[in-house]
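**Student:** Input structure: protein-v6.cif, which contains mmCIF, C-alpha atoms and all ligand atoms.
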data_entry
loop_
_atom_site.label_atom_id
_atom_site.label_comp_id
_atom_site.auth_asym_id
_atom_site.auth_seq_id
_atom_site.Cartn_x
_atom_site.Cartn_y
_atom_site.Cartn_z
CA MET A 1 -78.40 65.85 74.79
CA ILE A 2 -76.19 66.08 77.88
CA PRO A 3 -75.44 62.65 79.44
CA ALA A 4 -76.79 62.51 83.01
CA ASP A 5 -73.46 61.14 84.30
CA HIS A 6 -71.47 64.10 82.98
CA PRO A 7 -69.54 65.59 85.94
CA ARG A 8 -70.90 69.05 85.13
CA TYR A 9 -74.38 67.86 84.20
CA ARG A 10 -76.32 70.40 86.28
CA SER A 11 -74.35 73.37 85.06
CA LEU A 12 -74.58 72.28 81.41
CA ALA A 13 -78.29 71.49 81.68
CA LEU A 14 -78.91 74.95 83.17
CA ARG A 15 -77.00 76.57 80.30
CA GLU A 16 -79.09 74.64 77.80
CA HIS A 17 -82.27 75.69 79.61
CA LEU A 18 -81.22 79.36 79.66
CA ALA A 19 -80.30 79.27 75.96
CA ARG A 20 -83.75 77.86 75.22
CA CYS A 21 -85.34 80.61 77.35
CA ALA A 22 -83.29 83.18 75.40
CA ARG A 23 -84.57 81.78 72.10
CA GLU A 24 -88.13 82.02 73.50
CA GLY A 25 -87.58 85.66 74.45
CA ILE A 26 -87.75 85.16 78.23
CA VAL A 27 -84.04 85.69 78.92
CA ALA A 28 -82.27 88.65 77.29
CA LEU A 29 -79.01 87.80 75.47
CA GLU A 30 -77.25 90.05 78.01
CA GLY A 31 -78.76 87.81 80.71
CA LEU A 32 -76.68 84.91 79.40
CA THR A 33 -73.45 86.79 80.05
CA ALA A 34 -74.68 87.81 83.51
CA HIS A 35 -75.28 84.10 84.20
CA GLY A 36 -71.70 83.36 83.11
CA ARG A 37 -70.36 85.83 85.65
CA GLY A 38 -72.49 84.15 88.29
CA GLU A 39 -71.19 80.70 87.27
CA ALA A 40 -67.60 81.88 87.59
CA PHE A 41 -68.17 83.07 91.16
CA ASP A 42 -70.09 79.91 92.04
CA TYR A 43 -67.08 77.88 90.86
CA LEU A 44 -64.97 79.80 93.36
CA PHE A 45 -67.42 78.88 96.13
CA GLY A 46 -67.28 75.18 95.16
CA GLU A 47 -70.91 75.46 93.99
CA GLU A 48 -72.19 75.14 97.52
CA THR A 49 -73.88 77.35 100.08
CA SER A 50 -71.46 78.75 102.63
CA PRO A 51 -72.33 79.10 106.34
CA ALA A 52 -72.41 82.91 105.88
CA ALA A 53 -74.87 82.60 102.98
CA LEU A 54 -77.05 80.30 105.05
CA ARG A 55 -77.03 82.91 107.84
CA ALA A 56 -78.01 85.61 105.33
CA GLU A 57 -80.84 83.41 104.03
CA ARG A 58 -82.22 83.06 107.55
CA ILE A 59 -82.02 86.84 108.04
CA ALA A 60 -83.74 87.36 104.67
CA ALA A 61 -86.62 85.18 105.85
CA ALA A 62 -86.89 87.29 109.01
CA LEU A 63 -86.88 90.56 107.03
CA LEU A 64 -89.57 89.31 104.64
CA LEU A 65 -91.77 88.02 107.47
CA SER A 66 -91.46 91.21 109.51
CA ALA A 67 -92.22 93.49 106.53
CA GLU A 68 -95.58 95.15 106.09
CA HIS A 69 -95.45 95.02 102.31
CA PRO A 70 -92.69 92.71 101.03
CA VAL A 71 -92.18 92.40 97.27
CA ILE A 72 -90.08 89.98 95.19
CA SER A 73 -88.82 91.67 92.01
CA VAL A 74 -88.41 89.18 89.16
CA ASN A 75 -86.36 89.60 85.96
CA GLY A 76 -85.89 87.25 83.00
CA ASN A 77 -83.02 85.18 84.43
CA THR A 78 -84.80 84.77 87.75
CA ALA A 79 -87.99 83.60 86.04
CA ALA A 80 -86.07 81.18 83.80
CA LEU A 81 -84.06 79.69 86.67
CA ALA A 82 -86.54 79.76 89.52
CA ALA A 83 -90.16 80.01 88.26
CA GLY A 84 -90.88 76.68 89.96
CA LEU A 85 -89.42 77.85 93.27
CA LEU A 86 -91.00 81.29 93.58
CA GLY A 87 -94.54 80.08 94.31
CA GLY A 88 -93.31 78.38 97.48
CA LEU A 89 -91.44 81.48 98.61
CA GLN A 90 -94.44 83.68 97.86
CA GLU A 91 -96.68 81.41 99.90
CA ALA A 92 -94.25 81.09 102.84
CA SER A 93 -93.28 84.77 103.01
CA GLY A 94 -96.53 86.47 102.03
CA ALA A 95 -94.62 88.61 99.52
CA ALA A 96 -96.10 90.03 96.34
CA VAL A 97 -94.31 89.24 93.06
CA GLU A 98 -93.67 91.95 90.45
CA VAL A 99 -91.91 91.55 87.10
CA ASN A 100 -89.28 94.24 86.47
CA LEU A 101 -87.07 94.17 83.40
CA PHE A 102 -84.10 96.13 82.12
CA HIS A 103 -84.84 95.08 78.53
CA ARG A 104 -88.55 95.73 78.82
CA THR A 105 -91.05 95.05 76.07
CA THR A 106 -94.74 94.25 76.43
CA GLU A 107 -94.13 90.88 74.81
CA ARG A 108 -91.35 89.92 77.28
CA MET A 109 -93.42 91.12 80.24
CA GLU A 110 -96.29 88.90 79.09
CA LYS A 111 -94.11 85.86 78.45
CA ILE A 112 -92.43 86.07 81.85
CA THR A 113 -95.74 86.66 83.62
CA ARG A 114 -97.23 83.63 81.86
CA LEU A 115 -94.24 81.44 82.78
CA LEU A 116 -94.55 82.44 86.44
CA GLU A 117 -98.32 81.96 86.50
CA ASP A 118 -97.96 78.54 84.89
CA HIS A 119 -95.87 77.65 87.96
CA GLY A 120 -98.51 78.90 90.39
CA VAL A 121 -97.00 82.33 91.14
CA ARG A 122 -99.50 85.17 91.60
CA VAL A 123 -98.05 88.10 89.65
CA LEU A 124 -99.04 91.71 90.32
CA GLY A 125 -100.54 93.46 87.34
CA GLY A 126 -101.44 97.08 86.59
CA GLU A 127 -100.17 100.24 84.95
CA PRO A 128 -96.47 100.87 85.72
CA GLU A 129 -95.24 104.37 86.59
CA ARG A 130 -91.75 105.89 86.60
CA LEU A 131 -91.37 105.72 90.36
CA LEU A 132 -87.65 104.91 90.70
CA PRO A 133 -84.98 107.62 90.26
CA LEU A 134 -83.48 106.01 87.12
CA SER A 135 -83.33 107.19 83.52
CA HIS A 136 -84.02 103.81 81.86
CA ASP A 137 -87.05 101.52 81.86
CA ARG A 138 -86.15 99.90 85.16
CA ALA A 139 -87.63 103.06 86.69
CA LEU A 140 -91.02 101.61 85.77
CA CYS A 141 -92.82 99.80 88.56
CA LEU A 142 -96.21 99.41 90.14
CA GLN A 143 -97.35 101.74 92.91
CA ALA A 144 -99.15 98.79 94.53
CA GLY A 145 -95.96 96.70 94.31
CA ILE A 146 -92.37 97.93 94.47
CA GLY A 147 -93.61 101.54 94.72
CA SER A 148 -95.10 101.00 98.18
CA ALA A 149 -92.90 98.09 99.34
CA ASP A 150 -90.93 98.40 102.57
CA VAL A 151 -88.78 95.29 101.88
CA VAL A 152 -87.78 94.27 98.34
CA LEU A 153 -86.02 91.02 97.43
CA VAL A 154 -84.03 91.62 94.25
CA PRO A 155 -82.40 88.45 92.92
CA LEU A 156 -79.73 89.07 90.24
CA GLU A 157 -79.96 92.85 90.38
CA ASP A 158 -77.92 95.57 88.74
CA GLY A 159 -76.18 98.08 90.96
CA ASP A 160 -78.02 101.19 89.76
CA ARG A 161 -81.44 99.89 90.54
CA CYS A 162 -80.36 98.47 93.86
CA GLN A 163 -79.01 101.88 94.85
CA ALA A 164 -82.21 103.58 93.60
CA LEU A 165 -84.35 101.30 95.79
CA CYS A 166 -82.12 101.96 98.81
CA SER A 167 -82.29 105.72 98.21
CA MET A 168 -86.10 105.45 98.48
CA GLY A 169 -85.70 104.12 102.01
CA LYS A 170 -86.64 100.53 101.18
CA THR A 171 -84.86 97.60 102.80
CA VAL A 172 -83.20 95.78 99.91
CA ILE A 173 -82.24 92.10 100.00
CA ALA A 174 -80.02 91.05 97.07
CA ILE A 175 -79.06 87.57 95.89
CA ASP A 176 -75.73 87.91 94.08
CA LEU A 177 -72.82 85.49 93.81
CA ASN A 178 -70.41 88.37 93.31
CA PRO A 179 -69.59 89.81 96.75
CA LEU A 180 -67.73 92.70 95.06
CA SER A 181 -70.59 93.99 92.88
CA ARG A 182 -72.21 97.36 93.45
CA THR A 183 -75.43 95.49 94.15
CA ALA A 184 -73.81 93.36 96.84
CA ARG A 185 -72.17 96.43 98.39
CA SER A 186 -75.23 98.67 98.41
CA ALA A 187 -77.99 96.24 99.45
CA ASP A 188 -79.01 96.17 103.11
CA LEU A 189 -78.60 92.40 103.08
CA THR A 190 -76.69 90.40 100.46
CA ILE A 191 -77.08 86.68 100.04
CA VAL A 192 -73.91 85.51 98.29
CA ASP A 193 -75.34 82.25 96.98
CA GLU A 194 -76.70 80.75 93.78
CA LEU A 195 -80.32 81.71 93.17
CA THR A 196 -81.73 78.18 92.97
CA ARG A 197 -80.08 77.26 96.28
CA ALA A 198 -81.00 80.55 97.95
CA ILE A 199 -84.75 80.61 97.18
CA PRO A 200 -85.57 77.18 98.71
CA ALA A 201 -83.42 78.00 101.76
CA ILE A 202 -85.24 81.31 102.39
CA THR A 203 -88.57 79.50 101.88
CA ARG A 204 -87.63 76.84 104.44
CA PHE A 205 -86.54 79.47 106.99
CA CYS A 206 -89.78 81.45 106.48
CA ARG A 207 -91.61 78.30 107.62
CA GLU A 208 -89.19 77.61 110.48
CA ILE A 209 -88.50 80.76 112.45
CA ASP A 210 -90.72 82.03 115.25
CA ARG A 211 -91.62 85.60 116.17
CA ASP A 212 -88.78 86.12 118.68
CA GLU A 213 -86.13 84.89 116.30
CA MET A 214 -87.65 86.95 113.50
CA GLN A 215 -87.32 90.13 115.56
CA ALA A 216 -83.79 89.35 116.73
CA LEU A 217 -82.52 88.44 113.25
CA SER A 218 -84.07 91.39 111.43
CA LYS A 219 -82.37 93.91 113.71
CA GLY A 220 -78.99 92.43 114.55
CA PHE A 221 -77.01 91.79 111.37
CA ASP A 222 -73.96 93.30 109.74
CA ASN A 223 -73.92 93.03 105.95
CA ARG A 224 -70.30 94.17 105.69
CA GLU A 225 -69.29 91.23 107.86
CA LEU A 226 -71.35 88.79 105.72
CA LEU A 227 -69.63 90.13 102.58
CA ALA A 228 -66.21 89.94 104.22
CA GLU A 229 -66.92 86.31 105.10
CA ALA A 230 -67.78 85.58 101.43
CA VAL A 231 -64.50 87.15 100.29
CA ARG A 232 -62.61 85.14 102.92
CA ASP A 233 -64.32 81.97 101.60
CA ILE A 234 -62.97 82.71 98.11
CA ILE A 235 -59.48 83.44 99.44
CA ARG A 236 -59.49 80.19 101.44
CA ARG A 237 -60.46 78.17 98.37
CA LEU A 238 -57.84 79.88 96.20
CA GLU A 239 -55.14 79.26 98.82
CA HIS A 240 -56.22 75.63 98.91
CA ALA A 241 -55.71 75.42 95.13
CA LEU A 242 -52.03 76.34 95.68
CA ASP A 243 -51.42 73.40 98.04
P1 LIG A 301 -73.29 95.59 89.65
O1 LIG A 301 -73.99 96.54 88.69
O2 LIG A 301 -74.12 95.26 90.84
O3 LIG A 301 -71.89 95.97 90.01
P2 LIG A 301 -73.04 93.62 87.55
O4 LIG A 301 -72.73 94.66 86.54
O5 LIG A 301 -72.16 92.42 87.64
O6 LIG A 301 -73.12 94.17 89.00
P3 LIG A 301 -75.14 92.30 86.22
O7 LIG A 301 -74.33 92.21 85.01
O8 LIG A 301 -76.54 92.78 86.11
O9 LIG A 301 -74.52 93.17 87.36
O10 LIG A 301 -75.01 90.82 86.81
C1 LIG A 301 -75.84 90.22 87.63
C2 LIG A 301 -75.14 89.62 88.85
O11 LIG A 301 -75.86 88.45 89.13
C3 LIG A 301 -73.67 89.22 88.69
O12 LIG A 301 -72.94 89.82 89.73
C4 LIG A 301 -73.64 87.70 88.87
O13 LIG A 301 -72.58 87.28 89.71
C5 LIG A 301 -74.94 87.43 89.55
N1 LIG A 301 -75.56 86.15 89.16
C6 LIG A 301 -75.75 85.68 87.91
N2 LIG A 301 -76.38 84.49 87.94
C7 LIG A 301 -76.60 84.20 89.25
C8 LIG A 301 -77.24 83.13 89.92
N3 LIG A 301 -77.79 82.11 89.27
N4 LIG A 301 -77.30 83.20 91.27
C9 LIG A 301 -76.78 84.24 91.97
N5 LIG A 301 -76.17 85.28 91.38
C10 LIG A 301 -76.08 85.27 90.04
#
Show me this structure written as structure tokens.
Ligand code: ATP

**Tutor:**
Amino acid sequence: MIPADHPRYRSLALREHLARCAREGIVALEGLTAHGRGEAFDYLFGEETSPAALRAERIAAALLLSAEHPVISVNGNTAALAAGLLGGLQEASGAAVEVNLFHRTTERMEKITRLLEDHGVRVLGGEPERLLPLSHDRALCLQAGIGSADVVLVPLEDGDRCQALCSMGKTVIAIDLNPLSRTARSADLTIVDELTRAIPAITRFCREIDRDEMQALSKGFDNRELLAEAVRDIIRRLEHALD
């Protein structure tokens, strides 16, 4: 039991929750190490949302709202961390939700789908096809979902799949605390923020922005500049540590 007044209570409680989800078969063991990499980067950002990330979250809302067929792609870590937040984003953005796993088994697909549905998320179902140009099981997706999506939100993605989605002409929005990852570098828009801070922010902006702002934001952004700003944030914090 972690004492509620522990200075790192939230982080430790999240670890405990993810470990439990791993034991239940929702999170893959590899997902725990991916979370650790995310934690390390979040430490460098002071575990708070930067102004650049907030800008990216507003742009993400605009891209989702202006899409014809937006889809949120959910993996094990995303479901474990944000099942309770995705229903709100789905409702505010009008996006479909599809489960897509690297370590894919029927049992894991069912468990993750159930977890999401228990939190009020409507999850797309159907027969998956090998629609993405990838050799492993992440190629599998639904024609009615990611297959025909024009905008895909991919929280906690791996670089290969992000590049595959981009090569299909889809607009890809990634949430990734590592501004140096292949995912961050190849997505059309990268939100360098922690998932459980990013999802509520995008949801709020989906409810806030009007049509004019939506059009302006979805056309006029520079992802390289957003990533450069994230790297500058890290440098600033590291320089501060030397004072
Ligand atoms: P790439 O293939 O894109 O170069 P990678 O090999 O680091 O990246 P993964 O191992 O799949 O990709 O890691 C997932 C990414 O998700 C990591 O970059 C990590 O920083 C990020 N991440 C992990 N947990 C979170 C979180 N809670 N919020 C935001 N990002 C996270």

**Student:** With only C-alpha atoms counted, which protein, DNA or RNA residues have an atom no more than 7 Å from (-78.6, 94.5, 101.9) in the file frame? Please answer as a list in words.

**Tutor:**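 Checking each residue against the 7 Å limit leaves Val172, Ile173, Ala174, Ser186, Ala187, Asp188, Leu189, Thr190 and Asn223 of chain A.
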
**Student:** (-83.5, 77.0, 82.8) in this file's frame - what residues fall within 9 Å of it? Use only C-alpha atoms and give the answer as a ChimeraX atom specification.

**Tutor:** /A:13-21,77,79-82

**Student:** Would you save the residues of that selection, restricted to C-alpha atoms, as a tab-separated table (two decimals), in the coordinates of the input?

**Tutor:**
chain	number	residue	atom	x	y	z
A	13	ALA	CA	-78.29	71.49	81.68
A	14	LEU	CA	-78.91	74.95	83.17
A	15	ARG	CA	-77.00	76.57	80.30
A	16	GLU	CA	-79.09	74.64	77.80
A	17	HIS	CA	-82.27	75.69	79.61
A	18	LEU	CA	-81.22	79.36	79.66
A	19	ALA	CA	-80.30	79.27	75.96
A	20	ARG	CA	-83.75	77.86	75.22
A	21	CYS	CA	-85.34	80.61	77.35
A	77	ASN	CA	-83.02	85.18	84.43
A	79	ALA	CA	-87.99	83.60	86.04
A	80	ALA	CA	-86.07	81.18	83.80
A	81	LEU	CA	-84.06	79.69	86.67
A	82	ALA	CA	-86.54	79.76	89.52

**Student:** With the cut-off set at 6 Å and counting all atoms listed in the file, tabulate each residue of chain A with an atom at most that distance from an atom of ligand LIG 301 (chain A), showing the nearest atom pair and its distance in Å to one decimal, ordered by chain and increasing number, as JSON lines.

**Tutor:**
{"residue": "A:Ala34", "atom": "CA", "partner": "A:LIG301", "partner_atom": "O10", "distance": 4.5}
{"residue": "A:His35", "atom": "CA", "partner": "A:LIG301", "partner_atom": "N2", "distance": 3.9}
{"residue": "A:Arg37", "atom": "CA", "partner": "A:LIG301", "partner_atom": "O13", "distance": 4.8}
{"residue": "A:Gly38", "atom": "CA", "partner": "A:LIG301", "partner_atom": "O13", "distance": 3.4}
{"residue": "A:Leu156", "atom": "CA", "partner": "A:LIG301", "partner_atom": "O11", "distance": 4.1}
{"residue": "A:Glu157", "atom": "CA", "partner": "A:LIG301", "partner_atom": "O8", "distance": 5.5}
{"residue": "A:Asp158", "atom": "CA", "partner": "A:LIG301", "partner_atom": "O1", "distance": 4.0}
{"residue": "A:Gly159", "atom": "CA", "partner": "A:LIG301", "partner_atom": "O2", "distance": 3.5}
{"residue": "A:Ile175", "atom": "CA", "partner": "A:LIG301", "partner_atom": "C9", "distance": 5.6}
{"residue": "A:Asp176", "atom": "CA", "partner": "A:LIG301", "partner_atom": "N5", "distance": 3.8}
{"residue": "A:Leu177", "atom": "CA", "partner": "A:LIG301", "partner_atom": "N5", "distance": 4.1}
{"residue": "A:Asn178", "atom": "CA", "partner": "A:LIG301", "partner_atom": "O13", "distance": 4.3}
{"residue": "A:Ser181", "atom": "CA", "partner": "A:LIG301", "partner_atom": "O3", "distance": 3.7}
{"residue": "A:Arg182", "atom": "CA", "partner": "A:LIG301", "partner_atom": "O3", "distance": 3.7}
{"residue": "A:Thr183", "atom": "CA", "partner": "A:LIG301", "partner_atom": "O2", "distance": 3.6}
{"residue": "A:Asp193", "atom": "CA", "partner": "A:LIG301", "partner_atom": "C9", "distance": 5.6}
{"residue": "A:Glu194", "atom": "CA", "partner": "A:LIG301", "partner_atom": "N4", "distance": 3.6}
{"residue": "A:Leu195", "atom": "CA", "partner": "A:LIG301", "partner_atom": "N4", "distance": 3.9}

**Student:** Between A:Leu29, A:Ile191, A:Ile202, A:Ala52, single out the one closest to His103 (chain A), counting only C-alpha atoms.

**Tutor:** A:Leu29

**Student:** For CA of Arg8 (chain A) and CA of Phe41 (chain A), quote the distance in Å rounded to one decimal.

**Tutor:**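 Straight-line distance from CA of Arg8 (chain A) to CA of Phe41 (chain A) works out to 15.5 Å.
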
**Student:** Report the distance between CA of Cys206 (chain A) and CA of Asp118 (chain A) in Å, rounded to one decimal place.

**Tutor:**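 Going from CA of Cys206 (chain A) over to CA of Asp118 (chain A) covers 23.3 Å.
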
**Student:** Do a neighbour search on Gln90 (chain A) at 12 Å with all atoms listed in the file, toss out local chain neighbours closer than 6 positions, and write the hits as a PyMOL selection string.

**Tutor:** chain A and resi 61+64-65+70-74+83-84+96-98+116+119-124+153+199-200+202-204+206-207

**Student:** Got a sec: who's within 12 Å of Lys219 (chain A), counting all atoms listed in the file, leaving out chain neighbours fewer than 6 positions off, as a list in words?

**Tutor:**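 Non-adjacent residues within range: Ile59, Ala60, Ala62, Leu63, Ser66, Thr171, Asp188, Leu189, Asp212 and Glu213 of chain A.
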
**Student:** Export, as an mmCIF file, in the frame of the given file, the selected residues with C-alpha atoms.

**Tutor:**
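File selection.cif, as written:
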data_model
loop_
_atom_site.group_PDB
_atom_site.id
_atom_site.type_symbol
_atom_site.label_atom_id
_atom_site.label_comp_id
_atom_site.auth_asym_id
_atom_site.auth_seq_id
_atom_site.Cartn_x
_atom_site.Cartn_y
_atom_site.Cartn_z
ATOM 1 C CA ILE A 59 -82.020 86.840 108.040
ATOM 2 C CA ALA A 60 -83.740 87.360 104.670
ATOM 3 C CA ALA A 62 -86.890 87.290 109.010
ATOM 4 C CA LEU A 63 -86.880 90.560 107.030
ATOM 5 C CA SER A 66 -91.460 91.210 109.510
ATOM 6 C CA THR A 171 -84.860 97.600 102.800
ATOM 7 C CA ASP A 188 -79.010 96.170 103.110
ATOM 8 C CA LEU A 189 -78.600 92.400 103.080
ATOM 9 C CA ASP A 212 -88.780 86.120 118.680
ATOM 10 C CA GLU A 213 -86.130 84.890 116.300
#

**Student:** Please, what distance in Å, to one decimal, runs between CA of Ala40 (chain A) and CA of Leu242 (chain A)?

**Tutor:**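 Here the two named atoms are 18.4 Å from each other.
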
**Student:** For Gly31 (chain A), which residue among A:Phe102, A:Gly88, A:Thr196, A:Gly94 is the nearest when counting only C-alpha atoms?

**Tutor:**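 Ranking A:Phe102, A:Gly88, A:Thr196, A:Gly94 by distance to Gly31 (chain A), first place goes to A:Phe102.
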
**Student:** Let me make sure I understand: among A:Arg138, A:Glu68, A:Arg10, A:Ala95, which one has the smallest atom-to-atom distance to Glu47 (chain A) if we use all atoms listed in the file?

**Tutor:**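 Checking each candidate against Glu47 (chain A), we get A:Arg10 as the closest.
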
**Student:** Quick one: residues within 9 Å of Arg130 (chain A), only C-alpha atoms counted, chain neighbours fewer than 3 positions away excluded, as number ranges by chain?

**Tutor:** A: 133-134, 137-142

**Student:** Please determine, counting all atoms listed in the file, which residue among A:Thr113, A:Val192, A:Asp5, A:Ala164 has the shortest atom-to-atom distance to Leu227 (chain A).

**Tutor:**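 Between A:Thr113, A:Val192, A:Asp5, A:Ala164, the residue approaching Leu227 (chain A) most closely is A:Val192.
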
**Student:** Smallest atom-to-atom distance to Gly76 (chain A): which of A:Arg108, A:Arg224, A:Arg211, A:Arg55, using all atoms listed in the file?

**Tutor:**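 Ranking A:Arg108, A:Arg224, A:Arg211, A:Arg55 by distance to Gly76 (chain A), first place goes to A:Arg108.
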